[in-house]
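Visitor: My structure is stored as final-v6.txt, with compact mmCIF, C-alpha atoms.
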# COMPACT_ATOMS: atom_id res chain seq x y z
CA MET A 98 109.26 93.56 98.05
CA PRO A 99 106.85 96.50 97.93
CA THR A 100 107.40 99.04 100.65
CA LEU A 101 104.75 101.45 101.77
CA GLU A 102 106.08 104.92 101.22
CA VAL A 103 105.87 107.44 104.03
CA PRO A 104 102.67 109.30 103.18
CA ILE A 105 103.26 112.90 102.27
CA GLU A 106 100.84 114.77 104.43
CA HIS A 107 98.03 116.42 102.50
CA GLU A 108 99.52 115.31 99.22
CA GLU A 109 99.12 111.58 98.88
CA MET A 110 97.04 110.57 95.91
CA SER A 111 94.27 108.16 96.55
CA ALA A 112 92.88 105.42 94.40
CA PHE A 113 89.81 107.58 93.97
CA GLU A 114 91.93 110.01 92.01
CA ALA A 115 94.44 107.50 90.72
CA VAL A 116 91.88 105.64 88.63
CA GLY A 117 91.20 108.74 86.61
CA ARG A 118 94.89 109.54 86.27
CA LEU A 119 96.11 106.36 84.69
CA ALA A 120 98.11 106.93 81.54
CA GLU A 121 96.17 107.81 78.43
CA PRO A 122 95.21 104.49 76.82
CA SER A 123 96.72 103.86 73.43
CA SER A 124 93.83 102.11 71.72
CA ASP A 125 90.05 101.80 71.86
CA GLU A 126 90.46 98.36 73.39
CA SER A 127 92.73 99.52 76.20
CA ARG A 128 90.51 102.57 76.73
CA SER A 129 87.42 100.42 77.15
CA ARG A 130 89.36 98.10 79.48
CA LEU A 131 90.38 101.10 81.54
CA GLU A 132 86.80 102.38 81.62
CA LEU A 133 85.59 98.97 82.73
CA PHE A 134 88.13 98.93 85.55
CA ASP A 135 87.26 102.51 86.49
CA GLY A 136 83.59 101.49 86.56
CA PHE A 137 84.29 98.50 88.82
CA ILE A 138 86.26 100.58 91.30
CA GLN A 139 83.73 103.40 91.28
CA GLN A 140 80.94 100.92 91.88
CA ALA A 141 82.80 99.56 94.92
CA PHE A 142 83.06 103.11 96.27
CA ARG A 143 79.49 104.13 95.39
CA THR A 144 77.96 101.23 97.26
CA SER A 145 79.81 101.91 100.52
CA GLU A 146 78.98 104.76 102.85
CA PHE A 147 82.48 104.61 104.36
CA LEU A 148 84.22 104.80 101.00
CA GLN A 149 81.98 107.63 99.83
CA ILE A 150 82.99 109.59 102.91
CA GLN A 151 86.67 108.90 102.20
CA SER A 152 86.16 109.98 98.63
CA ARG A 153 84.43 113.20 99.68
CA TYR A 154 87.16 113.90 102.22
CA ILE A 155 89.75 113.68 99.46
CA GLN A 156 87.76 116.00 97.20
CA LEU A 157 87.38 118.54 100.01
CA ARG A 158 91.07 118.34 100.85
CA GLY A 159 91.87 118.82 97.16
CA SER A 160 89.74 121.98 97.17
CA LEU A 161 91.62 123.24 100.22
CA THR A 162 94.95 122.61 98.54
CA ALA A 163 93.74 124.62 95.56
CA TYR A 164 92.64 127.53 97.79
CA SER A 165 96.07 127.72 99.36
CA THR A 166 97.39 128.86 95.97
CA LEU A 167 94.89 131.71 95.50
CA SER A 168 96.22 135.25 95.20
CA ASP A 169 94.75 138.36 96.73
CA ASN A 170 91.71 139.71 94.87
CA TRP A 171 90.87 136.16 93.74
CA ASN A 172 87.18 137.10 93.51
CA SER A 173 87.85 140.44 91.77
CA TYR A 174 86.19 142.21 94.73
CA GLY A 175 89.40 142.67 96.67
CA ALA A 176 89.22 139.56 98.91
CA GLU A 177 92.43 138.45 100.62
CA HIS A 178 93.73 134.98 99.80
CA PRO A 179 93.12 132.40 102.58
CA SER A 180 96.10 132.39 104.92
CA PRO A 181 98.02 129.11 105.39
CA HIS A 182 96.75 129.15 109.00
CA THR A 183 93.06 129.15 107.99
CA VAL A 184 93.77 126.35 105.51
CA GLU A 185 95.46 124.38 108.33
CA LEU A 186 92.51 124.97 110.67
CA THR A 187 90.04 123.81 108.03
CA LEU A 188 92.15 120.73 107.39
CA ARG A 189 92.15 119.97 111.10
CA LEU A 190 88.36 120.30 111.07
CA LEU A 191 88.06 117.96 108.07
CA ASN A 192 90.30 115.38 109.74
CA THR A 193 88.17 115.44 112.87
CA LEU A 194 84.95 115.22 110.87
CA ARG A 195 86.23 112.38 108.69
CA HIS A 196 86.56 110.19 111.78
CA GLU A 197 83.05 111.19 112.84
CA LEU A 198 81.70 110.33 109.35
CA PHE A 199 80.17 113.78 109.10
CA LEU A 200 81.64 115.97 106.39
CA PRO A 201 80.70 119.38 105.01
CA VAL A 202 79.19 119.49 101.54
CA ARG A 203 81.95 121.85 100.46
CA VAL A 204 84.71 124.14 101.61
CA ILE A 205 85.04 127.54 99.95
CA PRO A 206 87.32 130.55 100.22
CA SER A 207 85.71 133.38 102.13
CA ALA A 208 85.15 136.84 100.69
CA GLU A 209 86.22 138.13 104.14
CA GLY A 210 89.59 136.38 103.74
CA GLY A 211 89.79 132.83 105.05
CA VAL A 212 88.03 129.52 104.49
CA ALA A 213 84.49 128.36 105.30
CA ALA A 214 83.13 124.82 105.60
CA TYR A 215 79.48 124.50 104.51
CA PHE A 216 77.00 121.94 105.81
CA LYS A 217 73.55 121.46 104.34
CA ALA A 218 70.56 119.16 104.80
CA ASP A 219 67.26 120.04 103.12
CA ASP A 220 66.78 123.76 103.91
CA ARG A 221 69.08 123.74 106.96
CA VAL A 222 72.43 125.34 106.35
CA SER A 223 75.39 125.89 108.60
CA TYR A 224 78.89 127.16 108.02
CA LEU A 225 82.03 127.50 110.06
CA GLU A 226 84.33 130.20 108.81
CA TYR A 227 87.97 130.62 109.78
CA ARG A 228 89.01 134.15 108.94
CA ASN A 229 92.55 135.42 108.32
CA SER A 230 91.85 137.99 111.06
CA GLY A 231 91.63 135.16 113.63
CA GLU A 232 87.85 135.35 113.99
CA VAL A 233 85.93 132.08 113.88
CA ILE A 234 82.29 132.48 112.88
CA LEU A 235 79.64 129.80 113.18
CA ALA A 236 76.35 130.51 111.37
CA MET A 237 73.25 128.34 111.35
CA TYR A 238 70.03 129.11 109.53
CA ASP A 239 67.02 127.74 107.69
CA GLN A 240 64.04 129.11 105.79
CA ASP A 241 61.87 129.62 108.85
CA SER A 242 64.04 131.17 111.52
CA GLU A 243 66.49 133.98 112.13
CA PRO A 244 70.15 133.08 111.57
CA ASP A 245 72.01 131.99 114.71
CA ILE A 246 75.49 133.50 114.50
CA ARG A 247 78.19 132.82 117.09
CA GLU A 248 81.75 133.92 117.49
CA LEU A 249 84.09 131.14 118.57
CA THR A 250 87.83 130.69 118.99
CA GLU A 251 90.33 128.45 117.21
CA ASN A 252 90.88 126.11 120.15
CA ASP A 253 89.99 122.41 120.18
CA ALA A 254 87.14 122.83 122.65
CA ASP A 255 85.41 125.37 120.41
CA GLU A 256 85.94 123.13 117.41
CA SER A 257 84.17 120.29 119.26
CA ARG A 258 81.42 122.69 120.33
CA ALA A 259 80.97 123.92 116.77
CA ILE A 260 80.73 120.35 115.45
CA ALA A 261 78.11 119.44 118.07
CA LEU A 262 76.04 122.55 117.24
CA ILE A 263 76.27 122.01 113.50
CA ARG A 264 75.33 118.36 113.85
CA GLU A 265 72.34 119.25 115.99
CA HIS A 266 71.20 121.96 113.57
CA ILE A 267 71.68 119.89 110.42
CA ARG A 268 70.01 116.80 111.83
CA ALA A 269 67.15 118.64 113.55
CA MET B 88 91.69 78.95 114.36
CA ALA B 89 87.95 78.42 114.37
CA THR B 90 86.47 80.44 111.57
CA ASN B 91 82.81 80.49 112.55
CA SER B 92 83.57 83.08 115.18
CA LEU B 93 86.47 85.47 114.77
CA HIS B 94 87.06 88.19 117.30
CA PHE B 95 89.66 90.95 117.51
CA ALA B 96 89.78 93.55 120.27
CA ASN B 97 90.31 96.35 117.73
CA PRO B 98 88.52 95.18 114.62
CA PRO B 99 89.53 97.13 111.51
CA ILE B 100 85.98 96.87 110.09
CA THR B 101 84.83 100.27 108.88
CA GLU B 102 81.64 99.03 107.25
CA ALA B 103 79.79 95.74 106.99
CA ILE B 104 77.07 95.31 104.38
CA VAL B 105 74.43 92.71 103.64
CA ALA B 106 72.79 93.33 100.29
CA ILE B 107 69.99 91.45 98.55
CA VAL B 108 69.19 92.06 94.90
CA VAL B 109 65.55 91.42 93.99
CA SER B 110 63.59 91.27 90.73
CA ASP B 111 62.67 94.82 89.79
CA LEU B 112 59.57 95.93 91.63
CA PRO B 113 56.87 97.76 89.64
CA ASP B 114 56.84 101.56 89.79
CA SER B 115 53.68 101.28 91.88
CA ALA B 116 55.89 99.96 94.72
CA VAL B 117 57.29 103.49 95.16
CA GLU B 118 54.27 104.37 97.25
CA GLN B 119 54.85 101.32 99.46
CA ILE B 120 58.54 102.12 99.88
CA ARG B 121 57.61 105.62 101.04
CA LYS B 122 55.52 104.07 103.84
CA LEU B 123 58.79 102.86 105.34
CA VAL B 124 59.56 106.45 106.39
CA GLN B 125 57.03 106.01 109.18
CA ARG B 126 57.59 102.33 109.76
CA ALA B 127 61.36 102.67 110.21
CA LEU B 128 60.89 105.12 113.09
CA PRO B 129 62.18 105.67 115.72
CA ARG B 130 65.51 103.96 115.00
CA TYR B 131 65.92 105.44 111.51
CA PRO B 132 64.69 109.04 111.67
CA LYS B 133 66.38 110.26 108.51
CA ALA B 134 65.24 109.23 105.03
CA THR B 135 66.63 110.49 101.75
CA ASP B 136 65.66 109.71 98.18
CA ILE B 137 67.95 107.66 95.99
CA SER B 138 67.40 108.68 92.40
CA GLU B 139 69.07 108.50 89.07
CA THR B 140 69.20 111.36 86.60
CA GLN B 141 69.55 110.58 82.95
CA PHE B 142 70.59 113.18 80.39
CA VAL B 143 70.03 112.45 76.74
CA GLY B 144 71.49 114.62 74.01
CA GLU B 145 70.77 114.17 70.33
CA ILE B 146 72.64 115.84 67.51
CA ARG B 147 71.21 115.39 64.05
CA PRO B 148 72.64 116.41 60.66
CA GLN B 149 69.41 118.28 59.96
CA GLY B 150 67.42 120.11 62.53
CA LEU B 151 68.24 121.45 65.95
CA PRO B 152 69.98 119.38 68.61
CA LYS B 153 67.68 118.04 71.30
CA ALA B 154 68.37 117.46 74.96
CA SER B 155 66.27 116.04 77.74
CA ALA B 156 66.69 115.05 81.36
CA GLN B 157 64.79 112.50 83.36
CA GLN B 158 64.92 111.67 87.04
CA LYS B 159 63.97 108.20 88.20
CA PHE B 160 63.21 107.28 91.79
CA LEU B 161 65.21 104.22 92.80
CA GLY B 162 64.42 104.03 96.48
CA LEU B 163 65.07 105.48 99.90
CA GLN B 164 68.07 105.50 102.20
CA PHE B 165 67.44 105.49 105.95
CA GLN B 166 69.94 106.55 108.59
CA SER B 167 70.01 106.01 112.33
CA GLU B 168 70.35 109.06 114.58
CA ASP B 169 74.12 108.55 114.93
CA SER B 170 74.50 107.66 111.20
CA LYS B 171 76.23 104.41 112.11
CA GLN B 172 73.44 102.26 110.70
CA ILE B 173 71.98 102.71 107.25
CA PHE B 174 69.58 100.72 105.16
CA GLN B 175 68.43 101.14 101.62
CA ALA B 176 65.04 100.07 100.32
CA ARG B 177 65.15 100.18 96.54
CA LEU B 178 62.98 99.02 93.67
CA ASN B 179 65.73 96.54 92.84
CA GLY B 180 66.90 95.49 96.28
CA PHE B 181 67.78 96.02 99.88
CA SER B 182 70.98 96.64 101.79
CA PHE B 183 71.93 97.11 105.41
CA HIS B 184 75.16 98.90 106.34
CA ARG B 185 76.81 98.97 109.75
CA LEU B 186 79.65 101.48 110.13
CA ALA B 187 82.35 101.37 112.82
CA PRO B 188 82.25 100.46 115.62
CA TYR B 189 81.18 97.00 114.52
CA ASP B 190 79.96 94.80 117.34
CA ARG B 191 79.56 91.23 116.14
CA TRP B 192 77.86 89.11 113.52
CA GLU B 193 74.84 88.23 115.67
CA THR B 194 73.73 91.83 116.24
CA PHE B 195 74.59 92.86 112.68
CA ARG B 196 72.68 89.95 111.18
CA ALA B 197 69.70 90.42 113.53
CA GLU B 198 69.23 94.06 112.51
CA ALA B 199 69.70 93.26 108.82
CA PHE B 200 67.05 90.54 109.10
CA ARG B 201 64.62 92.76 111.02
CA LEU B 202 64.86 95.49 108.38
CA TRP B 203 64.60 93.01 105.50
CA GLU B 204 61.39 91.67 107.03
CA LEU B 205 60.11 95.24 107.38
CA PHE B 206 60.96 95.82 103.71
CA ARG B 207 59.15 92.64 102.66
CA GLU B 208 56.10 93.37 104.78
CA THR B 209 55.89 96.87 103.34
CA VAL B 210 56.48 96.29 99.64
CA GLY B 211 54.87 92.86 99.34
CA ASP B 212 56.19 89.86 97.50
CA VAL B 213 59.85 90.15 96.48
CA LYS B 214 61.94 87.66 94.53
CA PRO B 215 65.58 87.51 95.59
CA LEU B 216 68.04 87.15 92.73
CA ALA B 217 71.38 87.39 94.54
CA PHE B 218 72.88 88.35 97.85
CA SER B 219 76.23 89.57 99.09
CA VAL B 220 78.06 89.99 102.35
CA ARG B 221 80.76 92.64 102.31
CA TYR B 222 83.32 93.68 104.91
CA ILE B 223 85.31 96.85 104.34
CA ASN B 224 88.42 97.05 106.50
CA ALA B 225 90.96 99.81 107.02
CA LEU B 226 94.20 98.25 108.22
CA VAL B 227 96.43 100.87 109.80
CA VAL B 228 100.13 100.01 109.73
CA PRO B 229 103.31 102.00 110.38
CA ALA B 230 104.93 103.59 107.32
CA PRO B 231 107.42 103.11 105.85
CA ALA B 232 107.01 99.37 106.14
CA LEU B 233 106.94 96.25 104.04
CA LEU B 234 103.47 95.27 102.90
CA GLU B 235 104.34 91.60 103.24
CA ASP B 236 104.91 92.09 106.96
CA PHE B 237 101.21 92.78 107.41
CA LEU B 238 99.35 91.30 104.47
CA LYS B 239 99.42 88.03 102.63
CA LEU B 240 97.60 89.65 99.74
CA TYR B 241 99.60 92.38 98.02
CA PRO B 242 100.99 93.26 94.59
CA GLU B 243 104.26 91.54 93.75
CA ILE B 244 106.79 93.98 92.30
CA PRO B 245 109.92 92.83 90.44
CA LYS B 246 113.01 93.66 92.48
CA GLU B 247 114.44 95.66 89.57
CA TRP B 248 111.52 98.10 89.91
CA PRO B 249 111.30 100.95 92.39
CA GLN B 250 109.97 99.44 95.59
CA ASN B 251 108.25 102.40 97.24
CA LEU B 252 104.50 102.38 96.75
CA SER B 253 102.80 105.74 97.03
CA ASN B 254 99.51 104.12 96.07
CA TYR B 255 97.97 101.24 94.17
CA VAL B 256 94.58 99.81 93.31
CA MET B 257 94.13 96.07 93.13
CA ARG B 258 90.88 94.31 92.32
CA LEU B 259 90.55 90.55 92.24
CA ASP B 260 87.54 88.57 91.05
CA LEU B 261 87.60 84.95 92.12
CA PRO B 262 85.01 82.20 91.88
CA ILE B 263 84.49 80.48 95.23
CA SER B 264 83.02 77.11 96.03
CA ASP B 265 81.89 76.14 99.49
CA GLN B 266 79.06 74.34 101.22
CA THR B 267 76.70 77.24 100.42
CA SER B 268 77.09 77.12 96.69
CA ASP B 269 79.60 76.45 93.96
CA ALA B 270 78.61 79.65 92.17
CA GLY B 271 79.94 82.12 94.71
CA HIS B 272 82.11 85.01 93.75
CA LEU B 273 84.68 86.94 95.75
CA THR B 274 85.61 90.50 94.82
CA ALA B 275 88.59 91.85 96.74
CA VAL B 276 89.68 95.48 96.42
CA GLN B 277 92.83 96.83 97.98
CA THR B 278 94.15 100.36 97.90
CA LEU B 279 95.57 103.01 100.23
CA LEU B 280 93.20 105.30 102.11
CA PRO B 281 93.96 108.74 103.53
CA SER B 282 96.08 108.24 106.63
CA GLN B 283 97.74 109.99 109.54
CA PRO B 284 101.43 110.92 109.26
CA GLY B 285 103.71 107.95 109.99
CA THR B 286 101.05 105.42 109.08
CA SER B 287 99.42 103.87 106.06
CA SER B 288 95.80 102.85 105.98
CA ILE B 289 95.21 99.90 103.70
CA LEU B 290 91.74 99.22 102.38
CA LEU B 291 90.82 95.54 102.35
CA ASP B 292 87.36 95.30 100.85
CA LEU B 293 86.06 91.73 100.69
CA ASN B 294 82.72 91.14 99.02
CA VAL B 295 81.25 87.65 98.60
CA GLN B 296 78.26 87.28 96.32
CA TYR B 297 75.99 84.37 95.53
CA PRO B 298 73.02 83.84 93.24
CA ALA B 299 69.76 83.31 95.13
CA LEU B 300 67.21 82.66 92.43
CA ARG B 301 64.21 80.66 93.69
CA ASN B 302 65.48 80.69 97.28
CA SER B 303 62.78 80.79 99.93
CA ASN B 304 63.21 83.46 102.56
CA GLU B 305 64.31 80.84 105.07
CA THR B 306 66.89 79.37 102.69
CA LEU B 307 68.14 82.82 101.78
CA TRP B 308 68.96 83.65 105.41
CA GLN B 309 70.43 80.22 106.07
CA ARG B 310 72.75 80.88 103.17
CA ILE B 311 73.59 84.36 104.44
CA ASP B 312 74.45 82.78 107.81
CA ALA B 313 76.63 80.26 106.04
CA VAL B 314 78.75 83.09 104.59
CA ARG B 315 79.98 84.01 108.04
CA PRO B 316 82.71 81.32 108.24
CA VAL B 317 83.59 81.97 104.60
CA LYS B 318 84.25 85.68 105.11
CA ASN B 319 86.09 84.94 108.36
CA ARG B 320 88.31 82.42 106.62
CA LEU B 321 89.08 84.84 103.80
CA PHE B 322 89.86 87.72 106.16
CA ASN B 323 91.93 85.58 108.49
CA ALA B 324 93.97 84.25 105.58
CA SER B 325 94.70 87.77 104.32
CA LEU B 326 96.61 88.86 107.43
CA THR B 327 100.04 88.02 108.77
CA PRO B 328 100.57 87.28 112.47
CA ALA B 329 102.00 90.82 112.86
CA MET B 330 98.79 92.37 111.50
CA LYS B 331 96.65 90.15 113.71
CA ALA B 332 98.73 91.23 116.70
CA ARG B 333 98.07 94.89 115.82
CA ILE B 334 94.30 94.43 115.90
CA SER B 335 94.18 92.04 118.85
Would you mind writing the file out in C-alpha cells?
Guide:
Amino acid sequence: MPTLEVPIEHEEMSAFEAVGRLAEPSSDESRSRLELFDGFIQQAFRTSEFLQIQSRYIQLRGSLTAYSTLSDNWNSYGAEHPSPHTVELTLRLLNTLRHELFLPVRVIPSAEGGVAAYFKADDRVSYLEYRNSGEVILAMYDQDSEPDIRELTENDADESRAIALIREHIRA
Amino acid sequence: MATNSLHFANPPITEAIVAIVVSDLPDSAVEQIRKLVQRALPRYPKATDISETQFVGEIRPQGLPKASAQQKFLGLQFQSEDSKQIFQARLNGFSFHRLAPYDRWETFRAEAFRLWELFRETVGDVKPLAFSVRYINALVVPAPALLEDFLKLYPEIPKEWPQNLSNYVMRLDLPISDQTSDAGHLTAVQTLLPSQPGTSSILLDLNVQYPALRNSNETLWQRIDAVRPVKNRLFNASLTPAMKARIS
C-alpha cells in the first residue's frame, strides 16, 4: 500500500514541477500524450487562485534554494553570497505569506549580501531585505512619493509588522 | 449521512469556484466589462486585466524571418479587500472564487449569484454554454502514513514496487449521471502540495461540469443548486472515517 514519505523540508518536488520532469517520451505519440496531460494539469492550476499561489510559492522557494549555492562575487561586483541565515529568514517569510495568500513577485539575492523579497502592484513597489550583516530593511515607494525606508529586526513581531506595512502599501 | 448539507468544523476547502462558460461576447463588450470596475465597488476594490499574448514567428526559405506579438483582452479579475473573494468577468464567461475560510454553500452561492446578475446586467444578453462547481481541498495528514488510512481514492501500487511516495499526480475524468443531467463530467485531480514538516498536504480537487446550452437563467441556477448534493456525495465518499475525524 502506498505510504506517504516524510517530506524533506525545502526539497520535496511538487506536481507543478513533476509534470515537466517526467521521463523523456520515446515517441511522438507518447510525447503528445504527455503534453496533453501536462496541459490538463496546468489548466487545473491556472484556473485556481489557490493553486497558482502554491505554484508561485514553489517557484520562489526554488529560487531561494538556488541562491543558497551562490559564491561570493556572484554579481562580479564583489557581493557576498547570501548567508544560510538570510535564506532561512526569507523562507520563514515565504511560509508565513503562503498561508496569507500574499506572495512576493520574486526573491533575489542582494548586492549588499543577503536576500530581498520584492512586492509589486502597478507602480507601487516594496521590498524586505535580510542582510548578512543582520540588518533588516523595509523599503516602500511609488512614482509619486519619496521612498519610505525602515530598519527592522529579525524577530517575529517585526516580520508581522513588515507584512502589514507591505500589504497596506501594495494595496493602497 | 445526508448529502444535501455537509458540515465539518475544520473544512479542508482552500477554494470553491462556480464558473459559467458563455458564448463569446463581441469585442464591443469590453467597454461594458470595464464598467464593472465601478459597479463592483465597494466590495471588490481591486481590478486587474486578464489578457492573452500571442507570439507568432515565421521562418521562410526565402526572405527574412518575421515575428509579431499581439495582446488580446479577455476580461477583468476583481478581488475583495482581503483577497478571499475573487470574480472574473470575461468575454467567454464568469467565475466566482471563494478562498479559505469557506463558510457554507448558502453564502457562497448567494454571492456568486449576485455577481453573475451584476455581470449580466452590465454586459447584456449572455448565452450560457456550460457550468462547473469546483471544490479544491488540502487534506493535511501526518507523514509518514498510509494513504489508504485517510483516502478512499489513491493510486494502487503493486506490493513488489517501492511503497514510499514522494509525490504523484493523478487525474481522473469520469462521466456522471444524476438528476441534474446525464451529461455531467467529474474531473478529480490529486497530488501532494507543499507541507509542514511531519505532515503531508494532499490536494483533492473535485470539479463537476455540465452543459447548459439553452438553459434559462432560472434553470441554470436550479441546476447549480442541484450540484450541491452531488459534490457533497463525491467528497464524502473520498474520505475514510479517520480523515473525517481529522476535519471534524
Visitor: Taking (68.6, 121.0, 116.6) in the file's own coordinates, collect the residues within 12 Å, counting all atoms listed in the file, and hand them back as JSON, numbers by chain.
Guide: {"A": [221, 222, 223, 237, 238, 239, 245, 261, 262, 263, 264, 265, 266, 267, 268, 269]}
Visitor: Residues of chain B no more than 9 Å from chain A, counting only C-alpha atoms: send them over as an NGL selection string.
Guide: :B and (101-104 or 133 or 168 or 170-171 or 173 or 184 or 186 or 223 or 229-235 or 241-246 or 249-256 or 258 or 276 or 278-287 or 292)
Visitor: Find the distance between CA of Asn319 (chain B) and CA of Val220 (chain B) and write it in Å to one decimal.
Guide: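 Straight-line distance from CA of Asn319 (chain B) to CA of Val220 (chain B) works out to 11.2 Å.
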Visitor: By how many Å are CA of Val105 (chain B) and CA of Ser219 (chain B) apart?
Guide: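 Computed distance, CA of Val105 (chain B) to CA of Ser219 (chain B), equals 5.8 Å.
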Visitor: Contacts of Ala225 (chain B) at 6 Å or less, counting all atoms listed in the file, minus same-chain residues fewer than 3 places along, as an MDAnalysis selection string?
Guide: chainID B and resid 99 288:290
Visitor: At a cut-off of 12 Å, using only C-alpha atoms, what residues contact Ala154 (chain B)? Leave out same-chain residues fewer than 3 positions from it and give the result as a PyMOL selection string.
Guide: chain B and resi 141-147+151+157
Visitor: Just the number, please: distance in Å from CA of Lys122 (chain B) to CA of Ala199 (chain B), one decimal.
Guide: 18.5 Å
Visitor: For the point (61.9, 81.7, 99.9) in the file's frame, write as a list in words all residues with an atom no more than 12 Å away, counting only C-alpha atoms.
Guide: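 Within 12 Å of (61.9, 81.7, 99.9), the protein and nucleic acid residues are Val109, Arg207, Asp212, Val213, Lys214, Pro215, Leu216, Ala299, Leu300, Arg301, Asn302, Ser303, Asn304, Glu305, Thr306, Leu307, Trp308, Gln309 and Arg310 of chain B.
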Visitor: Write out as a ChimeraX atom specification each polymer residue whose atoms come within 7 Å of region 201-211 of chain A, counting all atoms listed in the file; drop sequence neighbours fewer than 2 positions from it.
Guide: /A:157,164,176-180,183,199,213-217,227-229
Visitor: Go ahead and save the residues from that selection, with C-alpha atoms, as a compact mmCIF listing (two decimals), in the frame of the given file.
Guide:
# COMPACT_ATOMS: atom_id res chain seq x y z
CA LEU A 157 87.38 118.54 100.01
CA TYR A 164 92.64 127.53 97.79
CA ALA A 176 89.22 139.56 98.91
CA GLU A 177 92.43 138.45 100.62
CA HIS A 178 93.73 134.98 99.80
CA PRO A 179 93.12 132.40 102.58
CA SER A 180 96.10 132.39 104.92
CA THR A 183 93.06 129.15 107.99
CA PHE A 199 80.17 113.78 109.10
CA ALA A 213 84.49 128.36 105.30
CA ALA A 214 83.13 124.82 105.60
CA TYR A 215 79.48 124.50 104.51
CA PHE A 216 77.00 121.94 105.81
CA LYS A 217 73.55 121.46 104.34
CA TYR A 227 87.97 130.62 109.78
CA ARG A 228 89.01 134.15 108.94
CA ASN A 229 92.55 135.42 108.32
Visitor: May I have the residues within 12 Å of Asn323 (chain B) as a PyMOL selection string, using all atoms listed in the file and disregarding those fewer than 6 positions away in the same chain?
Guide: chain B and resi 88-95+98+237-240+291+293+316-317+330-331+334
Visitor: Output the selection as a PDB file, keeping the file's coordinate frame - C-alpha atoms for each residue.
Guide:
ATOM      1  CA  MET B  88      91.690  78.950 114.360  1.00  0.00           C
ATOM      2  CA  ALA B  89      87.950  78.420 114.370  1.00  0.00           C
ATOM      3  CA  THR B  90      86.470  80.440 111.570  1.00  0.00           C
ATOM      4  CA  ASN B  91      82.810  80.490 112.550  1.00  0.00           C
ATOM      5  CA  SER B  92      83.570  83.080 115.180  1.00  0.00           C
ATOM      6  CA  LEU B  93      86.470  85.470 114.770  1.00  0.00           C
ATOM      7  CA  HIS B  94      87.060  88.190 117.300  1.00  0.00           C
ATOM      8  CA  PHE B  95      89.660  90.950 117.510  1.00  0.00           C
ATOM      9  CA  PRO B  98      88.520  95.180 114.620  1.00  0.00           C
ATOM     10  CA  PHE B 237     101.210  92.780 107.410  1.00  0.00           C
ATOM     11  CA  LEU B 238      99.350  91.300 104.470  1.00  0.00           C
ATOM     12  CA  LYS B 239      99.420  88.030 102.630  1.00  0.00           C
ATOM     13  CA  LEU B 240      97.600  89.650  99.740  1.00  0.00           C
ATOM     14  CA  LEU B 291      90.820  95.540 102.350  1.00  0.00           C
ATOM     15  CA  LEU B 293      86.060  91.730 100.690  1.00  0.00           C
ATOM     16  CA  PRO B 316      82.710  81.320 108.240  1.00  0.00           C
ATOM     17  CA  VAL B 317      83.590  81.970 104.600  1.00  0.00           C
ATOM     18  CA  MET B 330      98.790  92.370 111.500  1.00  0.00           C
ATOM     19  CA  LYS B 331      96.650  90.150 113.710  1.00  0.00           C
ATOM     20  CA  ILE B 334      94.300  94.430 115.900  1.00  0.00           C
TER      21      ILE B 334
END
Visitor: So which one's closest to Tyr189 (chain B), B:Glu204, B:Tyr222, B:Pro328, B:Ala275? Using all atoms listed in the file, please.
Guide: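 Nearest to Tyr189 (chain B): B:Tyr222.
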Visitor: Give the answer as one residue: which of B:Arg320, B:Arg177, B:Arg333, B:Lys159 has the shortest atom-to-atom distance to Thr209 (chain B), using all atoms listed in the file?
Guide: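 Looking only at the distances to Thr209 (chain B), the closest residue turns out to be B:Arg177.
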